[in-house]
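To start, the structure under review is shown below, and the notes come after it.
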Amino acid sequence: MSRPTDRVRSLWMETFRDLLADDELEYEDQWNLNFDYQLTQDLTKKERKAGWKISTQCIHGNFRCSSCYKSWSSARVTLLFRYILRGTKGSVTMRPFGQKCRSCQNDQFERPGFSKEDVENALHRLFAKIRKNCYGDDTDDSDAVSSGDSKVQTKPHEKALCQACIDGICCQEDEDDSDNNDD
């Protein structure tokens, strides 16, 4: 039986491949997607010089506690992407950030699950960033990019339970500040 993490990974990878097959990037380069649950937003000088870029997004996700089995959803699941294009090969590495269970207060960050629609929307926004930052495409993708930035009424954000808040990268903080990050 597959673990929830395997299903999440496979949903992202299949959707990534499907969108590329549908010519979403509009370029002939080969791109791949990888997961790294230790990925950080910090780039070394060497990585910056090599051309690595970073993008973060906030999307809807679902969680289930591995201790008490309580389920919850959140509109504040932070995703971190690193991407680069070298010649004709592109690489994306992503990390979905977890949340702790409010009910049992265990110290484990649970990994999120996502709907296919939320994954597709997040990848459309990522591809718009890739087209802009890797190919210099100035096409107005405001519909694709802004769809994840609209205000959503949610319960108050509990920073102590949010892995991205603890790591200083939470999308909730972006909404509190003015959005000056163009990546």
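Order determines the names: the first chain of the structure tokens is A, the second B, and so forth; residues in each chain are numbered 1 upward, and ligands are numbered 1 upward as they are shown.
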Using only C-alpha atoms, tabulate the residues of stretch 60-152 of chain A lying at most 7 Å from any atom of stretch 26-43 of chain A, each with its closest atom pair and that distance in Å to one decimal, by chain and increasing residue number, as a Markdown table.
| residue | atom | partner | partner_atom | distance |
| --- | --- | --- | --- | --- |
| A:Thr88 | CA | A:Asp29 | CA | 4.6 |
| A:Lys89 | CA | A:Gln30 | CA | 4.9 |
| A:Gly90 | CA | A:Trp31 | CA | 4.3 |
| A:Ser91 | CA | A:Asn32 | CA | 5.1 |
| A:Val92 | CA | A:Leu33 | CA | 4.8 |
| A:Thr93 | CA | A:Asn34 | CA | 4.7 |
| A:Met94 | CA | A:Phe35 | CA | 5.0 |
| A:Arg95 | CA | A:Tyr37 | CA | 5.3 |
>> At a cut-off of 10 Å, using only C-alpha atoms, what residues contact stretch 49-62 of chain A? Leave out same-chain residues fewer than 6 positions from it and give the result as number ranges by chain.
In response: A: 40-43, 71-86, 91-99, 110-115, 118-119, 121-123, 125-126, 129-130, 133-134, 145, 148-149, 169-172, 174, 181-183
>> Going by DSSP on the backbone, which residues of stretch 20-181 of chain A come out as alpha helix (DSSP H)? List them as a ChimeraX atom specification.
In response: /A:20-21,45-50,116-135,142-146,163-166,171-176
> Between atom CA of A:Val8 and atom CA of A:Cys101, what is the distance, to one decimal in Å?
Replying inline: 19.0 Å
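Comparing the minimum interatomic distances between A:Lys116 and each of A:Met13, A:Cys104, A:Cys65, A:Ala160, counting only C-alpha atoms, we find that A:Met13 sits nearest.
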> Could you pull the residues within 9 Å of A:Phe127, counting only C-alpha atoms, minus those fewer than 5 positions along the same chain, as an NGL selection string?
Replying inline: :A and (24-25 or 122 or 132)
Residue list (strand (DSSP E), DSSP) for stretch 32-150 of chain A, as an mmCIF file with all heavy atoms, in the first residue's frame:
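Saved file out-v9.cif follows:
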data_model
loop_
_atom_site.group_PDB
_atom_site.id
_atom_site.type_symbol
_atom_site.label_atom_id
_atom_site.label_comp_id
_atom_site.auth_asym_id
_atom_site.auth_seq_id
_atom_site.Cartn_x
_atom_site.Cartn_y
_atom_site.Cartn_z
ATOM 1 N N ASN A 32 12.135 18.590 -15.473
ATOM 2 C CA ASN A 32 11.765 17.541 -14.526
ATOM 3 C C ASN A 32 11.417 18.169 -13.184
ATOM 4 O O ASN A 32 11.795 19.308 -12.902
ATOM 5 C CB ASN A 32 12.863 16.482 -14.391
ATOM 6 C CG ASN A 32 14.129 17.038 -13.788
ATOM 7 O OD1 ASN A 32 14.111 17.957 -12.987
ATOM 8 N ND2 ASN A 32 15.257 16.468 -14.153
ATOM 9 N N LEU A 33 10.684 17.432 -12.389
ATOM 10 C CA LEU A 33 10.248 17.872 -11.063
ATOM 11 C C LEU A 33 10.734 16.876 -10.030
ATOM 12 O O LEU A 33 10.596 15.663 -10.207
ATOM 13 C CB LEU A 33 8.714 17.964 -11.021
ATOM 14 C CG LEU A 33 8.085 18.273 -9.664
ATOM 15 C CD1 LEU A 33 8.445 19.692 -9.210
ATOM 16 C CD2 LEU A 33 6.567 18.109 -9.728
ATOM 17 N N ASN A 34 11.312 17.405 -8.952
ATOM 18 C CA ASN A 34 11.777 16.587 -7.840
ATOM 19 C C ASN A 34 11.257 17.169 -6.534
ATOM 20 O O ASN A 34 10.947 18.354 -6.463
ATOM 21 C CB ASN A 34 13.309 16.561 -7.784
ATOM 22 C CG ASN A 34 13.896 15.935 -9.025
ATOM 23 O OD1 ASN A 34 13.687 14.769 -9.289
ATOM 24 N ND2 ASN A 34 14.618 16.718 -9.798
ATOM 25 N N PHE A 35 11.204 16.341 -5.507
ATOM 26 C CA PHE A 35 10.814 16.775 -4.167
ATOM 27 C C PHE A 35 12.032 16.753 -3.264
ATOM 28 O O PHE A 35 12.875 15.865 -3.360
ATOM 29 C CB PHE A 35 9.765 15.826 -3.573
ATOM 30 C CG PHE A 35 8.374 16.117 -4.015
ATOM 31 C CD1 PHE A 35 7.968 15.825 -5.305
ATOM 32 C CD2 PHE A 35 7.460 16.689 -3.153
ATOM 33 C CE1 PHE A 35 6.679 16.091 -5.733
ATOM 34 C CE2 PHE A 35 6.180 16.962 -3.560
ATOM 35 C CZ PHE A 35 5.784 16.665 -4.850
ATOM 36 N N LYS A 53 16.554 30.042 -9.400
ATOM 37 C CA LYS A 53 15.519 30.995 -8.999
ATOM 38 C C LYS A 53 14.632 30.334 -7.953
ATOM 39 O O LYS A 53 14.544 29.104 -7.878
ATOM 40 C CB LYS A 53 14.638 31.399 -10.191
ATOM 41 C CG LYS A 53 15.383 31.945 -11.374
ATOM 42 C CD LYS A 53 15.832 33.344 -11.119
ATOM 43 C CE LYS A 53 16.452 33.914 -12.392
ATOM 44 N NZ LYS A 53 17.284 35.021 -12.160
ATOM 45 N N ILE A 54 13.951 31.186 -7.175
ATOM 46 C CA ILE A 54 13.057 30.692 -6.131
ATOM 47 C C ILE A 54 11.674 31.296 -6.323
ATOM 48 O O ILE A 54 11.541 32.466 -6.682
ATOM 49 C CB ILE A 54 13.591 31.062 -4.737
ATOM 50 C CG1 ILE A 54 14.848 30.260 -4.445
ATOM 51 C CG2 ILE A 54 12.550 30.826 -3.666
ATOM 52 C CD1 ILE A 54 15.443 30.525 -3.097
ATOM 53 N N SER A 55 10.660 30.502 -6.052
ATOM 54 C CA SER A 55 9.284 30.981 -6.062
ATOM 55 C C SER A 55 8.541 30.326 -4.910
ATOM 56 O O SER A 55 8.762 29.153 -4.615
ATOM 57 C CB SER A 55 8.608 30.618 -7.392
ATOM 58 O OG SER A 55 7.263 31.031 -7.400
ATOM 59 N N THR A 56 7.685 31.086 -4.246
ATOM 60 C CA THR A 56 6.833 30.526 -3.198
ATOM 61 C C THR A 56 5.376 30.794 -3.560
ATOM 62 O O THR A 56 5.063 31.779 -4.222
ATOM 63 C CB THR A 56 7.134 31.129 -1.813
ATOM 64 O OG1 THR A 56 6.950 32.535 -1.875
ATOM 65 C CG2 THR A 56 8.536 30.797 -1.355
ATOM 66 N N GLN A 57 4.533 29.903 -3.109
ATOM 67 C CA GLN A 57 3.090 30.043 -3.317
ATOM 68 C C GLN A 57 2.368 29.567 -2.072
ATOM 69 O O GLN A 57 2.898 28.787 -1.290
ATOM 70 C CB GLN A 57 2.619 29.185 -4.492
ATOM 71 C CG GLN A 57 3.120 29.590 -5.827
ATOM 72 C CD GLN A 57 2.494 28.727 -6.922
ATOM 73 O OE1 GLN A 57 1.339 28.316 -6.838
ATOM 74 N NE2 GLN A 57 3.284 28.452 -7.954
ATOM 75 N N CYS A 58 1.150 30.017 -1.953
ATOM 76 C CA CYS A 58 0.268 29.591 -0.879
ATOM 77 C C CYS A 58 -0.966 28.975 -1.526
ATOM 78 O O CYS A 58 -1.615 29.620 -2.357
ATOM 79 C CB CYS A 58 -0.103 30.809 -0.048
ATOM 80 S SG CYS A 58 -0.970 30.419 1.460
ATOM 81 N N ILE A 59 -1.258 27.715 -1.208
ATOM 82 C CA ILE A 59 -2.419 27.051 -1.808
ATOM 83 C C ILE A 59 -3.205 26.289 -0.740
ATOM 84 O O ILE A 59 -2.767 26.171 0.407
ATOM 85 C CB ILE A 59 -2.027 26.103 -2.963
ATOM 86 C CG1 ILE A 59 -1.318 24.847 -2.469
ATOM 87 C CG2 ILE A 59 -1.173 26.817 -3.990
ATOM 88 C CD1 ILE A 59 -1.159 23.776 -3.548
ATOM 89 N N HIS A 60 -4.335 25.773 -1.152
ATOM 90 C CA HIS A 60 -5.190 24.982 -0.264
ATOM 91 C C HIS A 60 -4.651 23.557 -0.189
ATOM 92 O O HIS A 60 -4.221 22.993 -1.188
ATOM 93 C CB HIS A 60 -6.624 24.959 -0.801
ATOM 94 C CG HIS A 60 -7.555 24.232 0.093
ATOM 95 N ND1 HIS A 60 -7.799 22.887 -0.038
ATOM 96 C CD2 HIS A 60 -8.282 24.649 1.158
ATOM 97 C CE1 HIS A 60 -8.649 22.513 0.903
ATOM 98 N NE2 HIS A 60 -8.960 23.554 1.638
ATOM 99 N N GLY A 61 -4.673 22.996 1.020
ATOM 100 C CA GLY A 61 -4.254 21.616 1.204
ATOM 101 C C GLY A 61 -5.021 20.964 2.337
ATOM 102 O O GLY A 61 -5.739 21.631 3.089
ATOM 103 N N ASN A 62 -4.861 19.668 2.450
ATOM 104 C CA ASN A 62 -5.528 18.889 3.494
ATOM 105 C C ASN A 62 -4.485 18.120 4.287
ATOM 106 O O ASN A 62 -3.472 17.692 3.740
ATOM 107 C CB ASN A 62 -6.520 17.907 2.867
ATOM 108 C CG ASN A 62 -7.602 18.632 2.124
ATOM 109 O OD1 ASN A 62 -8.378 19.367 2.714
ATOM 110 N ND2 ASN A 62 -7.650 18.451 0.809
ATOM 111 N N PHE A 63 -4.783 17.947 5.570
ATOM 112 C CA PHE A 63 -3.861 17.261 6.469
ATOM 113 C C PHE A 63 -4.599 16.190 7.251
ATOM 114 O O PHE A 63 -5.806 16.275 7.460
ATOM 115 C CB PHE A 63 -3.251 18.257 7.467
ATOM 116 C CG PHE A 63 -2.390 19.303 6.832
ATOM 117 C CD1 PHE A 63 -2.939 20.487 6.370
ATOM 118 C CD2 PHE A 63 -1.027 19.106 6.693
ATOM 119 C CE1 PHE A 63 -2.153 21.461 5.786
ATOM 120 C CE2 PHE A 63 -0.227 20.065 6.109
ATOM 121 C CZ PHE A 63 -0.789 21.243 5.658
ATOM 122 N N ARG A 64 -3.827 15.192 7.707
ATOM 123 C CA ARG A 64 -4.355 14.178 8.607
ATOM 124 C C ARG A 64 -3.259 13.833 9.599
ATOM 125 O O ARG A 64 -2.143 13.479 9.203
ATOM 126 C CB ARG A 64 -4.779 12.937 7.847
ATOM 127 C CG ARG A 64 -5.380 11.920 8.788
ATOM 128 C CD ARG A 64 -5.999 10.793 8.063
ATOM 129 N NE ARG A 64 -6.611 9.931 9.067
ATOM 130 C CZ ARG A 64 -7.430 8.982 8.777
ATOM 131 N NH1 ARG A 64 -7.762 8.760 7.539
ATOM 132 N NH2 ARG A 64 -7.928 8.240 9.725
ATOM 133 N N SER A 71 -8.438 15.157 10.862
ATOM 134 C CA SER A 71 -8.211 15.752 9.545
ATOM 135 C C SER A 71 -8.570 17.224 9.595
ATOM 136 O O SER A 71 -9.479 17.624 10.326
ATOM 137 C CB SER A 71 -9.080 15.068 8.488
ATOM 138 O OG SER A 71 -8.727 13.722 8.353
ATOM 139 N N TRP A 72 -7.858 18.025 8.820
ATOM 140 C CA TRP A 72 -8.179 19.440 8.696
ATOM 141 C C TRP A 72 -7.698 19.949 7.349
ATOM 142 O O TRP A 72 -6.863 19.327 6.703
ATOM 143 C CB TRP A 72 -7.599 20.263 9.843
ATOM 144 C CG TRP A 72 -6.102 20.411 9.851
ATOM 145 C CD1 TRP A 72 -5.371 21.467 9.357
ATOM 146 C CD2 TRP A 72 -5.139 19.504 10.393
ATOM 147 N NE1 TRP A 72 -4.027 21.258 9.552
ATOM 148 C CE2 TRP A 72 -3.856 20.065 10.186
ATOM 149 C CE3 TRP A 72 -5.228 18.265 11.035
ATOM 150 C CZ2 TRP A 72 -2.677 19.429 10.591
ATOM 151 C CZ3 TRP A 72 -4.065 17.642 11.434
ATOM 152 C CH2 TRP A 72 -2.810 18.218 11.217
ATOM 153 N N SER A 73 -8.274 21.059 6.941
ATOM 154 C CA SER A 73 -7.829 21.678 5.700
ATOM 155 C C SER A 73 -7.260 23.049 6.030
ATOM 156 O O SER A 73 -7.538 23.620 7.084
ATOM 157 C CB SER A 73 -8.975 21.787 4.690
ATOM 158 O OG SER A 73 -9.973 22.639 5.183
ATOM 159 N N SER A 74 -6.463 23.559 5.107
ATOM 160 C CA SER A 74 -5.850 24.861 5.287
ATOM 161 C C SER A 74 -5.718 25.550 3.936
ATOM 162 O O SER A 74 -5.328 24.921 2.955
ATOM 163 C CB SER A 74 -4.456 24.706 5.916
ATOM 164 O OG SER A 74 -3.785 25.960 5.957
ATOM 165 N N ALA A 75 -6.045 26.821 3.909
ATOM 166 C CA ALA A 75 -5.848 27.618 2.697
ATOM 167 C C ALA A 75 -4.462 28.252 2.705
ATOM 168 O O ALA A 75 -4.138 29.048 1.838
ATOM 169 C CB ALA A 75 -6.923 28.697 2.601
ATOM 170 N N ARG A 76 -3.650 27.907 3.682
ATOM 171 C CA ARG A 76 -2.340 28.516 3.865
ATOM 172 C C ARG A 76 -1.219 27.477 3.851
ATOM 173 O O ARG A 76 -0.374 27.457 4.732
ATOM 174 C CB ARG A 76 -2.294 29.266 5.189
ATOM 175 C CG ARG A 76 -3.363 30.290 5.344
ATOM 176 C CD ARG A 76 -2.859 31.625 4.832
ATOM 177 N NE ARG A 76 -3.874 32.623 4.991
ATOM 178 C CZ ARG A 76 -4.496 33.201 3.976
ATOM 179 N NH1 ARG A 76 -4.209 32.867 2.750
ATOM 180 N NH2 ARG A 76 -5.402 34.104 4.181
ATOM 181 N N VAL A 77 -1.194 26.637 2.834
ATOM 182 C CA VAL A 77 -0.099 25.673 2.698
ATOM 183 C C VAL A 77 0.954 26.311 1.801
ATOM 184 O O VAL A 77 0.688 26.645 0.649
ATOM 185 C CB VAL A 77 -0.582 24.341 2.097
ATOM 186 C CG1 VAL A 77 0.589 23.379 1.944
ATOM 187 C CG2 VAL A 77 -1.669 23.728 2.966
ATOM 188 N N THR A 78 2.130 26.498 2.344
ATOM 189 C CA THR A 78 3.207 27.140 1.596
ATOM 190 C C THR A 78 3.968 26.108 0.778
ATOM 191 O O THR A 78 4.300 25.033 1.271
ATOM 192 C CB THR A 78 4.170 27.874 2.549
ATOM 193 O OG1 THR A 78 3.430 28.871 3.259
ATOM 194 C CG2 THR A 78 5.312 28.527 1.805
ATOM 195 N N LEU A 79 4.220 26.472 -0.476
ATOM 196 C CA LEU A 79 5.047 25.674 -1.374
ATOM 197 C C LEU A 79 6.289 26.475 -1.707
ATOM 198 O O LEU A 79 6.204 27.679 -1.984
ATOM 199 C CB LEU A 79 4.311 25.389 -2.684
ATOM 200 C CG LEU A 79 2.961 24.709 -2.605
ATOM 201 C CD1 LEU A 79 2.344 24.625 -3.999
ATOM 202 C CD2 LEU A 79 3.085 23.323 -1.995
ATOM 203 N N LEU A 80 7.425 25.833 -1.699
ATOM 204 C CA LEU A 80 8.686 26.449 -2.100
ATOM 205 C C LEU A 80 9.180 25.718 -3.340
ATOM 206 O O LEU A 80 9.232 24.482 -3.364
ATOM 207 C CB LEU A 80 9.722 26.326 -0.977
ATOM 208 C CG LEU A 80 11.147 26.753 -1.293
ATOM 209 C CD1 LEU A 80 11.229 28.245 -1.617
ATOM 210 C CD2 LEU A 80 12.072 26.404 -0.125
ATOM 211 N N PHE A 81 9.500 26.494 -4.372
ATOM 212 C CA PHE A 81 10.053 25.932 -5.605
ATOM 213 C C PHE A 81 11.415 26.553 -5.870
ATOM 214 O O PHE A 81 11.590 27.766 -5.706
ATOM 215 C CB PHE A 81 9.165 26.266 -6.818
ATOM 216 C CG PHE A 81 7.792 25.679 -6.774
ATOM 217 C CD1 PHE A 81 6.725 26.430 -6.326
ATOM 218 C CD2 PHE A 81 7.569 24.380 -7.206
ATOM 219 C CE1 PHE A 81 5.443 25.904 -6.307
ATOM 220 C CE2 PHE A 81 6.283 23.844 -7.186
ATOM 221 C CZ PHE A 81 5.220 24.613 -6.730
ATOM 222 N N ARG A 82 12.355 25.738 -6.288
ATOM 223 C CA ARG A 82 13.628 26.209 -6.850
ATOM 224 C C ARG A 82 13.662 25.687 -8.279
ATOM 225 O O ARG A 82 13.317 24.529 -8.521
ATOM 226 C CB ARG A 82 14.827 25.626 -6.113
ATOM 227 C CG ARG A 82 15.147 26.252 -4.804
ATOM 228 C CD ARG A 82 16.473 25.686 -4.342
ATOM 229 N NE ARG A 82 16.845 26.182 -3.047
ATOM 230 C CZ ARG A 82 18.063 26.128 -2.571
ATOM 231 N NH1 ARG A 82 19.029 25.577 -3.299
ATOM 232 N NH2 ARG A 82 18.349 26.588 -1.387
ATOM 233 N N TYR A 83 14.092 26.533 -9.203
ATOM 234 C CA TYR A 83 14.136 26.076 -10.595
ATOM 235 C C TYR A 83 15.300 26.706 -11.337
ATOM 236 O O TYR A 83 15.808 27.764 -10.957
ATOM 237 C CB TYR A 83 12.812 26.369 -11.305
ATOM 238 C CG TYR A 83 12.390 27.814 -11.315
ATOM 239 C CD1 TYR A 83 12.718 28.646 -12.381
ATOM 240 C CD2 TYR A 83 11.649 28.346 -10.273
ATOM 241 C CE1 TYR A 83 12.324 29.978 -12.392
ATOM 242 C CE2 TYR A 83 11.254 29.669 -10.276
ATOM 243 C CZ TYR A 83 11.585 30.483 -11.342
ATOM 244 O OH TYR A 83 11.199 31.796 -11.342
ATOM 245 N N ILE A 84 15.724 25.987 -12.385
ATOM 246 C CA ILE A 84 16.852 26.433 -13.193
ATOM 247 C C ILE A 84 16.709 25.843 -14.598
ATOM 248 O O ILE A 84 16.174 24.746 -14.755
ATOM 249 C CB ILE A 84 18.205 26.010 -12.575
ATOM 250 C CG1 ILE A 84 19.368 26.680 -13.292
ATOM 251 C CG2 ILE A 84 18.353 24.501 -12.555
ATOM 252 C CD1 ILE A 84 20.708 26.521 -12.580
ATOM 253 N N LEU A 85 17.183 26.571 -15.574
ATOM 254 C CA LEU A 85 17.270 26.075 -16.950
ATOM 255 C C LEU A 85 18.730 26.117 -17.342
ATOM 256 O O LEU A 85 19.365 27.173 -17.306
ATOM 257 C CB LEU A 85 16.433 26.941 -17.905
ATOM 258 C CG LEU A 85 16.525 26.571 -19.389
ATOM 259 C CD1 LEU A 85 15.951 25.171 -19.623
ATOM 260 C CD2 LEU A 85 15.774 27.601 -20.233
ATOM 261 N N ARG A 86 19.278 24.953 -17.684
ATOM 262 C CA ARG A 86 20.661 24.841 -18.158
ATOM 263 C C ARG A 86 20.620 24.274 -19.559
ATOM 264 O O ARG A 86 20.301 23.103 -19.741
ATOM 265 C CB ARG A 86 21.481 23.928 -17.262
ATOM 266 C CG ARG A 86 21.785 24.487 -15.918
ATOM 267 C CD ARG A 86 22.770 23.557 -15.198
ATOM 268 N NE ARG A 86 22.903 23.953 -13.819
ATOM 269 C CZ ARG A 86 22.823 23.141 -12.788
ATOM 270 N NH1 ARG A 86 22.617 21.863 -12.982
ATOM 271 N NH2 ARG A 86 22.966 23.584 -11.573
ATOM 272 N N LYS A 89 17.817 21.721 -20.651
ATOM 273 C CA LYS A 89 17.290 20.916 -19.545
ATOM 274 C C LYS A 89 16.935 21.821 -18.373
ATOM 275 O O LYS A 89 17.760 22.605 -17.898
ATOM 276 C CB LYS A 89 18.306 19.873 -19.108
ATOM 277 C CG LYS A 89 18.596 18.852 -20.195
ATOM 278 C CD LYS A 89 19.301 17.654 -19.625
ATOM 279 C CE LYS A 89 19.694 16.683 -20.691
ATOM 280 N NZ LYS A 89 18.626 15.961 -21.268
ATOM 281 N N GLY A 90 15.685 21.693 -17.937
ATOM 282 C CA GLY A 90 15.207 22.469 -16.801
ATOM 283 C C GLY A 90 14.926 21.556 -15.629
ATOM 284 O O GLY A 90 14.539 20.401 -15.792
ATOM 285 N N SER A 91 15.128 22.098 -14.448
ATOM 286 C CA SER A 91 14.905 21.317 -13.242
ATOM 287 C C SER A 91 14.130 22.156 -12.226
ATOM 288 O O SER A 91 14.452 23.326 -12.005
ATOM 289 C CB SER A 91 16.242 20.888 -12.645
ATOM 290 O OG SER A 91 16.043 20.146 -11.470
ATOM 291 N N VAL A 92 13.125 21.544 -11.630
ATOM 292 C CA VAL A 92 12.341 22.160 -10.559
ATOM 293 C C VAL A 92 12.436 21.250 -9.355
ATOM 294 O O VAL A 92 12.248 20.033 -9.464
ATOM 295 C CB VAL A 92 10.857 22.320 -10.955
ATOM 296 C CG1 VAL A 92 10.044 22.870 -9.785
ATOM 297 C CG2 VAL A 92 10.693 23.196 -12.176
ATOM 298 N N THR A 93 12.737 21.829 -8.209
ATOM 299 C CA THR A 93 12.699 21.099 -6.948
ATOM 300 C C THR A 93 11.680 21.801 -6.074
ATOM 301 O O THR A 93 11.666 23.027 -6.002
ATOM 302 C CB THR A 93 14.074 21.094 -6.256
ATOM 303 O OG1 THR A 93 15.049 20.577 -7.164
ATOM 304 C CG2 THR A 93 14.056 20.238 -5.004
ATOM 305 N N MET A 94 10.814 21.038 -5.437
ATOM 306 C CA MET A 94 9.763 21.658 -4.636
ATOM 307 C C MET A 94 9.691 21.068 -3.243
ATOM 308 O O MET A 94 10.149 19.947 -2.997
ATOM 309 C CB MET A 94 8.405 21.537 -5.321
ATOM 310 C CG MET A 94 7.781 20.174 -5.281
ATOM 311 S SD MET A 94 6.044 20.171 -5.797
ATOM 312 C CE MET A 94 5.242 20.954 -4.419
ATOM 313 N N ARG A 95 9.127 21.875 -2.359
ATOM 314 C CA ARG A 95 8.875 21.441 -0.990
ATOM 315 C C ARG A 95 7.535 21.990 -0.528
ATOM 316 O O ARG A 95 7.363 23.205 -0.462
ATOM 317 C CB ARG A 95 9.957 21.954 -0.060
ATOM 318 C CG ARG A 95 9.690 21.607 1.402
ATOM 319 C CD ARG A 95 10.698 22.251 2.327
ATOM 320 N NE ARG A 95 10.457 21.878 3.703
ATOM 321 C CZ ARG A 95 11.137 22.363 4.724
ATOM 322 N NH1 ARG A 95 12.119 23.232 4.508
ATOM 323 N NH2 ARG A 95 10.854 21.989 5.942
ATOM 324 N N PRO A 96 6.591 21.106 -0.207
ATOM 325 C CA PRO A 96 5.381 21.566 0.461
ATOM 326 C C PRO A 96 5.650 21.576 1.979
ATOM 327 O O PRO A 96 6.216 20.626 2.515
ATOM 328 C CB PRO A 96 4.348 20.506 0.095
ATOM 329 C CG PRO A 96 5.134 19.283 -0.213
ATOM 330 C CD PRO A 96 6.503 19.723 -0.628
#
